[in-house]
Structures are given as structure tokens and as C-alpha cells.
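Source file: data-v9.txt (compact mmCIF, N, CA, C and O atoms)
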# COMPACT_ATOMS: atom_id res chain seq x y z
N GLY A 1 61.53 34.02 31.24
CA GLY A 1 60.13 34.00 30.97
C GLY A 1 59.42 35.24 31.45
O GLY A 1 60.03 36.22 31.86
N GLY A 2 58.10 35.19 31.42
CA GLY A 2 57.26 36.31 31.81
C GLY A 2 57.35 36.68 33.27
O GLY A 2 57.08 37.81 33.65
N THR A 3 57.74 35.73 34.14
CA THR A 3 57.78 36.02 35.56
C THR A 3 58.89 37.00 35.94
O THR A 3 58.92 37.49 37.06
N SER A 4 59.79 37.31 35.02
CA SER A 4 60.85 38.27 35.31
C SER A 4 60.42 39.71 35.01
O SER A 4 61.19 40.64 35.23
N LEU A 5 59.21 39.89 34.52
CA LEU A 5 58.71 41.24 34.26
C LEU A 5 58.51 41.98 35.57
O LEU A 5 58.09 41.39 36.57
N PRO A 6 58.79 43.29 35.61
CA PRO A 6 58.74 44.03 36.87
C PRO A 6 57.37 44.08 37.55
O PRO A 6 57.29 44.13 38.77
N PHE A 7 56.29 44.03 36.77
CA PHE A 7 54.94 44.08 37.35
C PHE A 7 54.19 42.77 37.13
O PHE A 7 52.96 42.75 37.11
N PHE A 8 54.92 41.66 36.98
CA PHE A 8 54.29 40.38 36.66
C PHE A 8 53.18 40.04 37.64
O PHE A 8 53.38 39.94 38.84
N GLY A 9 51.96 39.88 37.10
CA GLY A 9 50.81 39.48 37.89
C GLY A 9 50.20 40.56 38.77
O GLY A 9 49.25 40.28 39.48
N LEU A 10 50.73 41.76 38.72
CA LEU A 10 50.22 42.85 39.56
C LEU A 10 48.85 43.30 39.05
O LEU A 10 48.73 43.75 37.92
N PRO A 11 47.80 43.16 39.86
CA PRO A 11 46.49 43.64 39.43
C PRO A 11 46.44 45.17 39.50
O PRO A 11 46.90 45.76 40.47
N ILE A 12 45.93 45.78 38.45
CA ILE A 12 45.80 47.24 38.43
C ILE A 12 44.36 47.64 38.10
O ILE A 12 43.66 46.94 37.39
N SER A 13 43.95 48.77 38.64
CA SER A 13 42.65 49.34 38.27
C SER A 13 42.90 50.41 37.21
O SER A 13 43.96 51.02 37.18
N VAL A 14 41.90 50.61 36.37
CA VAL A 14 42.01 51.59 35.29
C VAL A 14 40.86 52.58 35.45
O VAL A 14 39.69 52.18 35.48
N LYS A 15 41.17 53.85 35.60
CA LYS A 15 40.13 54.87 35.72
C LYS A 15 39.28 54.91 34.45
O LYS A 15 39.75 54.60 33.36
N ASP A 16 38.05 55.34 34.60
CA ASP A 16 37.08 55.29 33.51
C ASP A 16 37.33 56.33 32.41
O ASP A 16 36.60 56.39 31.45
N ASN A 17 38.37 57.13 32.54
CA ASN A 17 38.73 58.06 31.46
C ASN A 17 39.91 57.52 30.66
O ASN A 17 40.43 58.22 29.79
N ILE A 18 40.32 56.29 30.92
CA ILE A 18 41.44 55.66 30.22
C ILE A 18 40.91 54.46 29.44
O ILE A 18 40.17 53.63 29.98
N MET A 19 41.27 54.36 28.16
CA MET A 19 40.75 53.30 27.30
C MET A 19 41.30 51.93 27.69
O MET A 19 42.50 51.77 27.88
N LEU A 20 40.39 50.96 27.80
CA LEU A 20 40.74 49.57 28.03
C LEU A 20 39.92 48.75 27.04
O LEU A 20 38.68 48.78 27.06
N LYS A 21 40.61 48.07 26.13
CA LYS A 21 39.95 47.36 25.03
C LYS A 21 38.83 46.46 25.54
O LYS A 21 39.01 45.68 26.48
N GLY A 22 37.66 46.61 24.91
CA GLY A 22 36.51 45.78 25.24
C GLY A 22 35.62 46.33 26.34
O GLY A 22 34.59 45.76 26.64
N TYR A 23 36.03 47.44 26.93
CA TYR A 23 35.27 48.06 28.02
C TYR A 23 34.93 49.50 27.67
O TYR A 23 35.64 50.16 26.92
N PRO A 24 33.85 50.03 28.24
CA PRO A 24 33.49 51.42 27.98
C PRO A 24 34.50 52.39 28.61
O PRO A 24 35.11 52.08 29.63
N CYS A 25 34.67 53.51 27.98
CA CYS A 25 35.46 54.63 28.51
C CYS A 25 34.47 55.78 28.61
O CYS A 25 34.35 56.61 27.72
N THR A 26 33.70 55.82 29.71
CA THR A 26 32.53 56.69 29.76
C THR A 26 32.81 58.14 30.15
O THR A 26 31.99 59.00 29.89
N LEU A 27 33.93 58.40 30.80
CA LEU A 27 34.18 59.73 31.36
C LEU A 27 33.06 60.13 32.32
O LEU A 27 32.80 61.31 32.52
N GLY A 28 32.39 59.14 32.88
CA GLY A 28 31.30 59.40 33.81
C GLY A 28 29.98 59.72 33.14
O GLY A 28 29.02 60.08 33.80
N LEU A 29 29.90 59.57 31.82
CA LEU A 29 28.67 59.90 31.07
C LEU A 29 27.88 58.63 30.78
O LEU A 29 28.37 57.69 30.16
N LYS A 30 26.62 58.61 31.21
CA LYS A 30 25.76 57.45 30.97
C LYS A 30 25.60 57.16 29.48
O LYS A 30 25.50 56.01 29.08
N LYS A 31 25.59 58.20 28.65
CA LYS A 31 25.40 58.01 27.20
C LYS A 31 26.54 57.22 26.55
O LYS A 31 26.39 56.69 25.47
N ARG A 32 27.71 57.16 27.20
CA ARG A 32 28.85 56.43 26.65
C ARG A 32 28.98 55.01 27.20
O ARG A 32 29.89 54.28 26.85
N ALA A 33 28.05 54.61 28.06
CA ALA A 33 28.17 53.32 28.74
C ALA A 33 28.13 52.12 27.79
O ALA A 33 28.68 51.06 28.10
N HIS A 34 27.52 52.25 26.64
CA HIS A 34 27.40 51.12 25.70
C HIS A 34 28.54 51.07 24.68
O HIS A 34 28.65 50.11 23.93
N ILE A 35 29.41 52.06 24.65
CA ILE A 35 30.48 52.13 23.66
C ILE A 35 31.71 51.39 24.18
O ILE A 35 32.31 51.78 25.17
N LYS A 36 32.07 50.30 23.52
CA LYS A 36 33.24 49.50 23.91
C LYS A 36 34.46 50.00 23.15
O LYS A 36 34.42 50.21 21.94
N GLU A 37 35.57 50.17 23.86
CA GLU A 37 36.80 50.65 23.24
C GLU A 37 37.42 49.57 22.35
O GLU A 37 37.37 48.39 22.67
N GLN A 38 38.01 49.99 21.24
CA GLN A 38 38.61 49.08 20.28
C GLN A 38 40.09 48.82 20.55
O GLN A 38 40.68 47.92 19.97
N ARG A 39 40.69 49.65 21.42
CA ARG A 39 42.11 49.46 21.72
C ARG A 39 42.40 49.94 23.14
O ARG A 39 41.60 50.64 23.75
N ASP A 40 43.56 49.56 23.62
CA ASP A 40 44.03 50.03 24.93
C ASP A 40 44.71 51.38 24.78
O ASP A 40 45.34 51.66 23.75
N ALA A 41 44.63 52.20 25.81
CA ALA A 41 45.41 53.43 25.87
C ALA A 41 46.89 53.04 25.95
O ALA A 41 47.24 51.95 26.40
N ASP A 42 47.76 53.93 25.53
CA ASP A 42 49.19 53.64 25.55
C ASP A 42 49.69 53.25 26.94
O ASP A 42 50.50 52.35 27.09
N VAL A 43 49.18 53.93 27.96
CA VAL A 43 49.62 53.62 29.32
C VAL A 43 49.20 52.21 29.73
O VAL A 43 49.94 51.50 30.42
N VAL A 44 48.03 51.77 29.30
CA VAL A 44 47.56 50.40 29.60
C VAL A 44 48.45 49.40 28.87
O VAL A 44 48.87 48.40 29.47
N THR A 45 48.75 49.66 27.62
CA THR A 45 49.65 48.79 26.85
C THR A 45 51.00 48.67 27.53
O THR A 45 51.55 47.57 27.65
N LEU A 46 51.54 49.79 27.99
CA LEU A 46 52.83 49.78 28.68
C LEU A 46 52.78 48.91 29.94
O LEU A 46 53.64 48.06 30.15
N PHE A 47 51.75 49.11 30.77
CA PHE A 47 51.64 48.31 31.98
C PHE A 47 51.46 46.83 31.66
O PHE A 47 52.02 45.97 32.36
N LYS A 48 50.69 46.50 30.63
CA LYS A 48 50.52 45.09 30.24
C LYS A 48 51.85 44.49 29.79
O LYS A 48 52.18 43.35 30.14
N CYS A 49 52.64 45.27 29.03
CA CYS A 49 53.96 44.79 28.58
C CYS A 49 54.90 44.55 29.75
O CYS A 49 55.81 43.73 29.66
N LEU A 50 54.68 45.26 30.83
CA LEU A 50 55.50 45.09 32.03
C LEU A 50 54.95 44.01 32.97
O LEU A 50 55.49 43.78 34.04
N GLY A 51 53.85 43.35 32.55
CA GLY A 51 53.32 42.22 33.29
C GLY A 51 52.09 42.49 34.14
O GLY A 51 51.54 41.58 34.74
N ALA A 52 51.63 43.74 34.21
CA ALA A 52 50.46 44.07 35.01
C ALA A 52 49.19 43.50 34.38
O ALA A 52 49.13 43.28 33.17
N VAL A 53 48.18 43.29 35.21
CA VAL A 53 46.91 42.71 34.75
C VAL A 53 45.77 43.65 35.14
O VAL A 53 45.39 43.73 36.31
N PRO A 54 45.21 44.39 34.16
CA PRO A 54 44.05 45.24 34.47
C PRO A 54 42.88 44.34 34.87
O PRO A 54 42.57 43.37 34.19
N PHE A 55 42.23 44.65 36.00
CA PHE A 55 41.14 43.78 36.45
C PHE A 55 39.86 44.52 36.77
O PHE A 55 38.83 43.89 36.99
N VAL A 56 39.88 45.86 36.77
CA VAL A 56 38.67 46.60 37.10
C VAL A 56 38.75 48.01 36.51
O VAL A 56 39.84 48.57 36.36
N LYS A 57 37.60 48.55 36.15
CA LYS A 57 37.48 49.95 35.74
C LYS A 57 36.86 50.69 36.92
O LYS A 57 35.87 50.25 37.49
N THR A 58 37.44 51.82 37.30
CA THR A 58 36.90 52.59 38.41
C THR A 58 36.20 53.84 37.89
O THR A 58 36.67 54.47 36.95
N ASN A 59 35.07 54.17 38.49
CA ASN A 59 34.21 55.22 37.96
C ASN A 59 34.72 56.63 38.29
O ASN A 59 35.63 56.82 39.09
N LEU A 60 34.11 57.59 37.63
CA LEU A 60 34.46 59.01 37.75
C LEU A 60 33.19 59.84 37.77
O LEU A 60 32.16 59.43 37.25
N PRO A 61 33.27 61.06 38.31
CA PRO A 61 32.15 61.98 38.13
C PRO A 61 32.10 62.42 36.67
O PRO A 61 33.08 62.27 35.94
N GLN A 62 30.97 62.95 36.24
CA GLN A 62 30.82 63.33 34.84
C GLN A 62 31.93 64.28 34.39
O GLN A 62 32.16 65.31 35.01
N LEU A 63 32.62 63.88 33.33
CA LEU A 63 33.71 64.64 32.72
C LEU A 63 34.80 65.03 33.72
O LEU A 63 35.55 65.96 33.51
N VAL A 64 34.86 64.32 34.82
CA VAL A 64 35.85 64.53 35.88
C VAL A 64 35.77 65.97 36.41
O VAL A 64 36.76 66.60 36.71
N LEU A 65 34.55 66.48 36.54
CA LEU A 65 34.36 67.87 36.95
C LEU A 65 34.02 68.04 38.42
O LEU A 65 33.91 69.16 38.90
N ARG A 66 33.84 66.94 39.17
CA ARG A 66 33.54 67.02 40.59
C ARG A 66 34.39 66.01 41.33
O ARG A 66 34.99 65.13 40.73
N TRP A 67 34.37 66.07 42.64
CA TRP A 67 35.14 65.13 43.45
C TRP A 67 34.41 63.81 43.65
O TRP A 67 35.02 62.81 43.95
N GLU A 68 33.09 63.80 43.57
CA GLU A 68 32.39 62.55 43.82
C GLU A 68 31.49 62.18 42.66
O GLU A 68 31.06 63.01 41.89
N ASN A 69 31.22 60.90 42.55
CA ASN A 69 30.36 60.37 41.50
C ASN A 69 29.05 59.95 42.12
O ASN A 69 29.00 58.99 42.86
N THR A 70 28.00 60.66 41.80
CA THR A 70 26.68 60.31 42.35
C THR A 70 25.94 59.32 41.45
O THR A 70 24.81 58.96 41.74
N LYS A 71 26.57 58.88 40.36
CA LYS A 71 25.94 57.90 39.49
C LYS A 71 25.74 56.57 40.23
O LYS A 71 24.74 55.91 40.08
N TYR A 72 26.72 56.18 41.02
CA TYR A 72 26.67 54.90 41.72
C TYR A 72 26.49 55.06 43.23
O TYR A 72 25.78 54.30 43.85
N TYR A 73 27.16 56.02 43.83
CA TYR A 73 27.12 56.18 45.27
C TYR A 73 27.76 57.51 45.66
O TYR A 73 28.44 58.13 44.87
N ASN A 74 27.56 57.91 46.91
CA ASN A 74 28.26 59.07 47.45
C ASN A 74 29.52 58.60 48.16
O ASN A 74 29.52 57.56 48.80
N ASN A 75 30.57 59.38 48.06
CA ASN A 75 31.82 59.06 48.74
C ASN A 75 31.83 59.72 50.11
O ASN A 75 32.40 60.77 50.30
N ASP A 76 31.18 59.11 51.08
CA ASP A 76 31.12 59.68 52.42
C ASP A 76 32.40 59.41 53.18
O ASP A 76 33.00 58.35 53.08
N ASN A 77 32.78 60.38 53.97
CA ASN A 77 33.94 60.26 54.84
C ASN A 77 33.59 59.29 55.96
O ASN A 77 32.53 59.40 56.57
N ILE A 78 34.47 58.33 56.24
CA ILE A 78 34.16 57.32 57.25
C ILE A 78 34.14 57.89 58.67
O ILE A 78 33.59 57.27 59.57
N TYR A 79 34.72 59.07 58.86
CA TYR A 79 34.77 59.68 60.19
C TYR A 79 33.63 60.66 60.44
O TYR A 79 33.31 60.95 61.58
N SER A 80 33.04 61.20 59.38
CA SER A 80 31.96 62.17 59.54
C SER A 80 31.09 62.18 58.29
O SER A 80 31.60 62.45 57.20
N ILE A 81 29.80 61.93 58.44
CA ILE A 81 28.91 61.94 57.27
C ILE A 81 28.65 63.36 56.75
O ILE A 81 28.10 63.53 55.69
N ALA A 82 29.11 64.37 57.50
CA ALA A 82 28.95 65.75 57.06
C ALA A 82 30.02 66.15 56.04
O ALA A 82 29.95 67.21 55.44
N VAL A 83 31.00 65.27 55.82
CA VAL A 83 32.13 65.59 54.94
C VAL A 83 32.27 64.50 53.89
O VAL A 83 32.12 63.31 54.20
N THR A 84 32.55 64.86 52.66
CA THR A 84 32.85 63.87 51.61
C THR A 84 34.30 64.06 51.17
O THR A 84 35.00 64.94 51.65
N VAL A 85 34.72 63.25 50.25
CA VAL A 85 36.07 63.35 49.73
C VAL A 85 36.20 64.66 48.96
O VAL A 85 35.48 64.90 48.00
N GLY A 86 37.08 65.55 49.38
CA GLY A 86 37.38 66.75 48.63
C GLY A 86 36.65 68.02 49.04
O GLY A 86 37.13 69.10 48.79
N TYR A 87 35.48 67.92 49.68
CA TYR A 87 34.77 69.13 50.06
C TYR A 87 33.69 68.84 51.09
O TYR A 87 33.27 67.71 51.26
N LYS A 88 33.22 69.89 51.75
CA LYS A 88 32.12 69.74 52.71
C LYS A 88 30.79 69.68 52.00
O LYS A 88 30.60 70.31 50.98
N LYS A 89 29.85 68.97 52.56
CA LYS A 89 28.48 68.91 52.01
C LYS A 89 27.76 70.18 52.32
O LYS A 89 27.97 70.84 53.27

Kindly present the structure from the file in C-alpha cells form.
Amino acid sequence: GGTSLPFFGLPISVKDNIMLKGYPCTLGLKKRAHIKEQRDADVVTLFKCLGAVPFVKTNLPQLVLRWENTKYYNNDNIYSIAVTVGYKK
């Protein structure tokens, strides 16, 4: 049965630049937030066939051109608010 699949029941997150049927693939662009994808990306299909379960889309900076996404929040370093993920403020 399905329980013998290598990733059976494994929850996975899908970055917002990868198509997931029924969800937006915004690339961090607000203008694309209303566009729902009609199909899964090949990598998503592969993981689903192996038993994985996509459960969340994770956001990105616009066009993946920066280290942090200010659309929703800043990625502050937990050890120092003077530093973010990838670069100094």
C-alpha cells in the first residue's frame, strides 16, 4: 500500500517560486497574489508520488532578489537585532 512510499505522510513546505496547484506562485510579487496555479511543478508531483504532503507555501522577497521579505515581516537574527539573515542592517 501507500505506507511503503519513502516519504509517506512527510509534511513539506513549498517555496513561493514553485507551482502548487490551487495556490498562488507569487515570486514575492503582490500583483500575482490572486493568480492560482493550474498544475503542480514537476518537483511537487515527484514528492507527492513519493508520499509527501505539501502543507504550506513559504514566502520570498520580490523576485528572490534579496535575503529578506519585508512584505510580511523582517527576518531578525535572534541573537542580535542589528543583524538579519544574510547581511547586516

>> Between CA of Pro24 in chain A and atom N of Asn59 in chain A, what is the distance in Å, rounded to a tenth?
In response: 11.0 Å

> Skipping near chain neighbours, those fewer than 3 positions away, what residues fall within 9 Å of Phe55 in chain A using only C-alpha atoms, listed as a list of chain:residue names?
Replying inline: A:Pro11, A:Ile12, A:Ser13, A:Val14

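Rounded to one decimal, CA of Phe7 in chain A and CA of Lys36 in chain A lie 26.1 Å from each other.
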
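Reported to one decimal place, the separation of CA of Ala52 in chain A from atom N of Phe8 in chain A is 5.4 Å.
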
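Using only C-alpha atoms, the shortest contact distance between Cys25 in chain A and any of A:Gly9, A:Leu60, A:Leu50, A:Thr45 is found at A:Leu60.
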
> A:Gln38, A:Gly22, A:Tyr79, A:Lys15: which is nearest Lys57 in chain A, counting all atoms listed in the file?
Replying inline: A:Lys15

>> Report as a ChimeraX atom specification all protein, DNA and RNA residues lying within 12 Å of Leu46 in chain A, evaluated on only C-alpha atoms, omitting residues in the same chain fewer than 6 positions from it.
In response: /A:5-7,40,52-54
